[in-house]
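S.K.: Starting off with a structure, shown below.
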Amino acid sequence: MLHKILPHPYLTLLLIVVWQMLVNKVTPGNLLLGTILGVLIPRITTPYWPNTPRLRSIPRIVEYVLIVLWDICVANVQVAWIILFRSNANTRPAWVAIPLELKTPEAITVLAGTITLTPGTVSSDLSADGRSLLVHCLDAPDPEAVRDQIKARYERRLMEIFE
Amino acid sequence: MIVDILISACLVISGIFGLVGSIGLIKLPDPMMRLHAPTKATTLGVGGALVASMLYFEFVLGRFSFHELMITLFLFLTAPITGHFIAKTHLHLLHRPEDLPPTGSERPWASYESDEARAAIETPETAASEAAGKGE
């Protein structure tokens, strides 16, 4: 019964919070409107979300977000360094194929987004069977190290969150 | 005073990273590498300006503002998608499938697989179930 009314409880919660933040003021009226939107939007969009992804543990998600934010800062400085002080002849761009152990589409989407957000790597394509991800690196003298780092640092944590 | 210094520092940092991103756009040799440079402008560059704006509203005007968090959220959702589209366009304009590393299976990278090939691989089950459905 509850599942019928709220097919995606996390999405409902997120929509309510986002609505409060968009109007920038928490009042009973805004909460009510946010709740209406939070109930209606997931129900209308259910056909596009056939499976509800199961999220294992909230602390792990917080840990993942903090790690990604930290990596974004570090990688920004590294890439700025490459742009300013390294000659183009010494920069080694490379394509890397990352074999995926993740199966959930949502988890792969998060991984691809993370790879693009951390500067120096851009995810460009997914193999047709969804088993590996094509990533372009700005400067990778050792492409295998990049692959291993992405697998160990991000994919392992996403496995714990989604699967 | 301290707040002023903090806000100024954030603005200067965001300015520097925005500038470096733009320099990269000019300096780097090929389109795929240039794609890396503007990702800086959207992460630390915009991030610094947003932190400065939050500090200003919180400590100078005395009210908390959520809008900066929203901008961060929407940027983080949309930036990878834009990057992904540009990368794919570039792949199809300037690369051949042979230039890319192997996928590790018989099937190619998704955007190089023709619709016929995909249909041949993925529909047997649905075709079979449809046939079964008609049979009943």
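By convention in this document, the chains of the structure tokens carry letters A, B, ... by their order, each chain's residues are numbered from 1, and ligands are numbered from 1 in the order they are shown.
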With a distance cut-off of 8 Å and only C-alpha atoms, select the neighbouring residues of B:Cys10, excluding the residue or stretch itself and same-chain residues fewer than 6 positions from it, and output the selection as a ChimeraX atom specification.

M.R.: /B:48-49,51-52

S.K.: Residues of chain A were defined as contacting chain B if any atom lay at most 7 Å from it, counting only C-alpha atoms; please report them as a ChimeraX atom specification.

M.R.: /A:21-22,24,73,76,80,83,88,95-97,113,116-117,119-120,123-129,132,138

S.K.: Restricting the output to N, CA and C atoms, write the selected residues as a PDB file, in the first residue's frame.

M.R.:
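What ended up in out-v9.pdb:
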```pdb
ATOM      1  N   MET A  21      14.661  24.342  -0.530  1.00  0.00           N
ATOM      2  CA  MET A  21      15.880  25.087  -0.818  1.00  0.00           C
ATOM      3  C   MET A  21      15.666  26.056  -1.979  1.00  0.00           C
ATOM      4  N   LEU A  22      14.842  25.669  -2.953  1.00  0.00           N
ATOM      5  CA  LEU A  22      14.607  26.550  -4.103  1.00  0.00           C
ATOM      6  C   LEU A  22      13.861  27.814  -3.682  1.00  0.00           C
ATOM      7  N   ASN A  24      13.915  28.895  -0.697  1.00  0.00           N
ATOM      8  CA  ASN A  24      14.830  29.515   0.271  1.00  0.00           C
ATOM      9  C   ASN A  24      14.175  29.843   1.605  1.00  0.00           C
ATOM     10  N   CYS A  73      38.981  18.711  -5.592  1.00  0.00           N
ATOM     11  CA  CYS A  73      39.914  19.807  -5.256  1.00  0.00           C
ATOM     12  C   CYS A  73      41.342  19.426  -5.640  1.00  0.00           C
ATOM     13  N   ASN A  76      41.813  19.246  -9.427  1.00  0.00           N
ATOM     14  CA  ASN A  76      41.795  20.581 -10.027  1.00  0.00           C
ATOM     15  C   ASN A  76      43.180  21.201 -10.019  1.00  0.00           C
ATOM     16  N   ALA A  80      45.436  22.078 -13.250  1.00  0.00           N
ATOM     17  CA  ALA A  80      45.890  23.465 -13.422  1.00  0.00           C
ATOM     18  C   ALA A  80      47.408  23.477 -13.608  1.00  0.00           C
ATOM     19  N   ILE A  83      48.282  22.337 -17.104  1.00  0.00           N
ATOM     20  CA  ILE A  83      47.975  23.351 -18.116  1.00  0.00           C
ATOM     21  C   ILE A  83      49.014  24.461 -18.107  1.00  0.00           C
ATOM     22  N   ASN A  88      52.982  20.867 -24.096  1.00  0.00           N
ATOM     23  CA  ASN A  88      52.064  19.911 -24.705  1.00  0.00           C
ATOM     24  C   ASN A  88      52.766  18.628 -25.112  1.00  0.00           C
ATOM     25  N   TRP A  95      43.448   6.864 -23.901  1.00  0.00           N
ATOM     26  CA  TRP A  95      42.141   6.242 -23.714  1.00  0.00           C
ATOM     27  C   TRP A  95      42.332   5.048 -22.790  1.00  0.00           C
ATOM     28  N   VAL A  96      41.432   4.898 -21.836  1.00  0.00           N
ATOM     29  CA  VAL A  96      41.507   3.753 -20.934  1.00  0.00           C
ATOM     30  C   VAL A  96      40.151   3.061 -20.929  1.00  0.00           C
ATOM     31  N   ALA A  97      40.165   1.736 -21.061  1.00  0.00           N
ATOM     32  CA  ALA A  97      38.929   0.967 -20.915  1.00  0.00           C
ATOM     33  C   ALA A  97      38.889   0.415 -19.499  1.00  0.00           C
ATOM     34  N   GLY A 113      29.624   9.731 -13.889  1.00  0.00           N
ATOM     35  CA  GLY A 113      29.563  11.131 -13.486  1.00  0.00           C
ATOM     36  C   GLY A 113      30.743  11.519 -12.624  1.00  0.00           C
ATOM     37  N   THR A 116      33.885  11.950 -14.700  1.00  0.00           N
ATOM     38  CA  THR A 116      33.921  13.206 -15.448  1.00  0.00           C
ATOM     39  C   THR A 116      34.149  14.401 -14.528  1.00  0.00           C
ATOM     40  N   LEU A 117      33.538  14.361 -13.330  1.00  0.00           N
ATOM     41  CA  LEU A 117      33.661  15.515 -12.427  1.00  0.00           C
ATOM     42  C   LEU A 117      35.067  15.678 -11.893  1.00  0.00           C
ATOM     43  N   PRO A 119      38.525  16.254 -12.440  1.00  0.00           N
ATOM     44  CA  PRO A 119      39.201  16.734 -13.641  1.00  0.00           C
ATOM     45  C   PRO A 119      40.386  15.841 -14.002  1.00  0.00           C
ATOM     46  N   GLY A 120      40.686  15.781 -15.296  1.00  0.00           N
ATOM     47  CA  GLY A 120      41.772  14.923 -15.753  1.00  0.00           C
ATOM     48  C   GLY A 120      41.250  13.637 -16.353  1.00  0.00           C
ATOM     49  N   SER A 123      34.584  10.442 -18.838  1.00  0.00           N
ATOM     50  CA  SER A 123      34.034   9.188 -19.338  1.00  0.00           C
ATOM     51  C   SER A 123      33.317   9.473 -20.647  1.00  0.00           C
ATOM     52  N   SER A 124      33.618   8.650 -21.684  1.00  0.00           N
ATOM     53  CA  SER A 124      33.147   8.987 -23.024  1.00  0.00           C
ATOM     54  C   SER A 124      32.137   7.998 -23.588  1.00  0.00           C
ATOM     55  N   ASP A 125      32.227   6.745 -23.209  1.00  0.00           N
ATOM     56  CA  ASP A 125      31.283   5.785 -23.784  1.00  0.00           C
ATOM     57  C   ASP A 125      31.216   4.549 -22.908  1.00  0.00           C
ATOM     58  N   LEU A 126      30.145   3.784 -23.117  1.00  0.00           N
ATOM     59  CA  LEU A 126      29.951   2.541 -22.396  1.00  0.00           C
ATOM     60  C   LEU A 126      29.920   1.442 -23.447  1.00  0.00           C
ATOM     61  N   SER A 127      30.472   0.279 -23.136  1.00  0.00           N
ATOM     62  CA  SER A 127      30.417  -0.781 -24.143  1.00  0.00           C
ATOM     63  C   SER A 127      28.971  -1.246 -24.304  1.00  0.00           C
ATOM     64  N   ALA A 128      28.670  -1.846 -25.467  1.00  0.00           N
ATOM     65  CA  ALA A 128      27.286  -2.165 -25.796  1.00  0.00           C
ATOM     66  C   ALA A 128      26.669  -3.124 -24.793  1.00  0.00           C
ATOM     67  N   ASP A 129      27.497  -3.986 -24.166  1.00  0.00           N
ATOM     68  CA  ASP A 129      26.924  -4.909 -23.184  1.00  0.00           C
ATOM     69  C   ASP A 129      26.982  -4.345 -21.768  1.00  0.00           C
ATOM     70  N   SER A 132      32.024  -2.448 -19.772  1.00  0.00           N
ATOM     71  CA  SER A 132      33.205  -1.619 -19.564  1.00  0.00           C
ATOM     72  C   SER A 132      32.951  -0.183 -19.988  1.00  0.00           C
ATOM     73  N   LEU A 138      43.611  13.084 -19.423  1.00  0.00           N
ATOM     74  CA  LEU A 138      44.393  14.216 -19.930  1.00  0.00           C
ATOM     75  C   LEU A 138      45.877  13.880 -19.911  1.00  0.00           C
TER      76      LEU A 138
END
```

S.K.: Could you jot down the atom CA of A:Leu55 to atom CA of A:Glu163 separation for me, Å, one decimal place?

M.R.: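 According to the coordinates, atom CA of A:Leu55 and atom CA of A:Glu163 are separated by 8.0 Å.
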
S.K.: Quick check, in Å to one decimal: how far apart do atom CA of A:Pro42 and atom CA of A:Pro7 lie?

M.R.: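 Computed distance, atom CA of A:Pro42 to atom CA of A:Pro7, equals 6.7 Å.
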
S.K.: If you run DSSP over the backbone, which residues in chain A end up alpha helix (DSSP H)? Put them as a ChimeraX atom specification.

M.R.: /A:2-5,9-23,28-44,58-85,105-117,143-150,156-162

S.K.: Name the residues of chain A that fall into strand (DSSP E or B) according to DSSP on the backbone, using the chain letters and numbers of this document, as a PyMOL selection string.

M.R.: chain A and resi 94-99+121-127+132-137

S.K.: Residues of the last selection are to be written out with C-alpha atoms, as a short mmCIF file (atom, residue, chain, number, x, y, z; two decimals), in the first residue's frame.

M.R.:
```cif
data_model
loop_
_atom_site.label_atom_id
_atom_site.label_comp_id
_atom_site.auth_asym_id
_atom_site.auth_seq_id
_atom_site.Cartn_x
_atom_site.Cartn_y
_atom_site.Cartn_z
CA ALA A 94 45.33 8.23 -23.23
CA TRP A 95 42.14 6.24 -23.71
CA VAL A 96 41.51 3.75 -20.93
CA ALA A 97 38.93 0.97 -20.91
CA ILE A 98 37.69 0.22 -17.41
CA PRO A 99 36.12 -3.22 -16.97
CA THR A 121 39.40 12.12 -16.69
CA VAL A 122 36.26 12.23 -18.85
CA SER A 123 34.03 9.19 -19.34
CA SER A 124 33.15 8.99 -23.02
CA ASP A 125 31.28 5.79 -23.78
CA LEU A 126 29.95 2.54 -22.40
CA SER A 127 30.42 -0.78 -24.14
CA SER A 132 33.21 -1.62 -19.56
CA LEU A 133 33.54 2.13 -19.57
CA LEU A 134 35.64 4.21 -22.00
CA VAL A 135 37.56 6.97 -20.23
CA HIS A 136 39.81 9.67 -21.66
CA CYS A 137 42.72 10.84 -19.47
#
```

S.K.: Neighbouring residues of A:Leu158 were defined as those with any atom within 10 Å, considering only C-alpha atoms; residues of the same chain fewer than 2 positions away were excluded. Please report them as a PyMOL selection string.

M.R.: chain A and resi 55-56+60-61+64+102+107-108+110-111+151+153-156+160-163

S.K.: Grab the residues selected above and save them as a CSV table (one decimal), in the first residue's frame with N, CA and C atoms.

M.R.:
```csv
chain,number,residue,atom,x,y,z
A,55,LEU,N,19.7,1.4,-1.7
A,55,LEU,CA,20.9,2.0,-1.2
A,55,LEU,C,21.2,1.3,0.1
A,56,ARG,N,22.4,0.8,0.2
A,56,ARG,CA,22.8,0.0,1.4
A,56,ARG,C,22.9,0.8,2.7
A,60,ARG,N,28.0,5.3,4.3
A,60,ARG,CA,28.9,5.1,3.1
A,60,ARG,C,28.7,6.1,2.0
A,61,ILE,N,27.4,6.6,1.8
A,61,ILE,CA,27.1,7.6,0.8
A,61,ILE,C,27.8,8.9,1.2
A,64,TYR,N,31.4,8.6,0.5
A,64,TYR,CA,31.7,8.7,-0.9
A,64,TYR,C,31.7,10.1,-1.4
A,102,LEU,N,30.3,-3.3,-11.6
A,102,LEU,CA,29.0,-2.8,-11.2
A,102,LEU,C,28.0,-3.3,-12.3
A,107,ALA,N,24.2,2.8,-10.6
A,107,ALA,CA,25.6,2.8,-10.0
A,107,ALA,C,26.6,3.2,-11.1
A,108,ILE,N,26.4,2.6,-12.3
A,108,ILE,CA,27.3,3.0,-13.4
A,108,ILE,C,27.2,4.4,-13.8
A,110,VAL,N,26.4,6.9,-11.7
A,110,VAL,CA,27.1,7.6,-10.7
A,110,VAL,C,28.6,7.5,-10.9
A,111,LEU,N,29.1,6.3,-11.3
A,111,LEU,CA,30.6,6.2,-11.5
A,111,LEU,C,31.0,7.0,-12.7
A,151,LYS,N,39.0,1.9,-10.1
A,151,LYS,CA,38.4,0.7,-9.6
A,151,LYS,C,38.4,0.6,-8.1
A,153,ARG,N,39.2,3.1,-5.8
A,153,ARG,CA,38.8,4.2,-5.1
A,153,ARG,C,37.2,4.4,-5.2
A,154,TYR,N,36.7,4.4,-6.4
A,154,TYR,CA,35.3,4.7,-6.6
A,154,TYR,C,34.4,3.4,-6.7
A,155,GLU,N,34.9,2.5,-7.6
A,155,GLU,CA,33.9,1.4,-7.9
A,155,GLU,C,33.7,0.5,-6.7
A,156,ARG,N,34.8,0.3,-5.9
A,156,ARG,CA,34.6,-0.6,-4.8
A,156,ARG,C,33.6,0.0,-3.8
A,160,GLU,N,29.7,-1.2,-2.6
A,160,GLU,CA,29.2,-1.3,-1.2
A,160,GLU,C,27.9,-0.6,-1.0
A,161,ILE,N,27.7,0.5,-1.8
A,161,ILE,CA,26.5,1.3,-1.6
A,161,ILE,C,25.3,0.7,-2.4
A,162,PHE,N,25.6,0.2,-3.6
A,162,PHE,CA,24.4,-0.1,-4.5
A,162,PHE,C,24.2,-1.6,-4.5
A,163,GLU,N,25.2,-2.5,-4.3
A,163,GLU,CA,25.0,-3.9,-4.6
A,163,GLU,C,25.3,-4.8,-3.5
```

S.K.: Excluding A:Asn30 and its own-chain neighbours fewer than 2 positions away, which residues fall within 12 Å of it when counting only C-alpha atoms? Please give them as a ChimeraX atom specification.

M.R.: /A:15-28,32-38

S.K.: Between B:Gly18, B:Val46, B:Ser8, B:Pro31, which has the minimum distance to B:Leu94 (counting only C-alpha atoms)?

M.R.: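 Once distances to B:Leu94 are computed over only C-alpha atoms, the minimum belongs to B:Pro31.
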
S.K.: Of the candidates A:Thr104, A:Thr12, A:Gln78, A:Ser87, which one gets nearest to A:Met159 if we count only C-alpha atoms?

M.R.: A:Thr104

S.K.: Record the distance separating atom CA of A:Val74 and atom CA of A:Leu100, expressed in Å with one decimal.

M.R.: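 Straight-line distance from atom CA of A:Val74 to atom CA of A:Leu100 works out to 24.8 Å.
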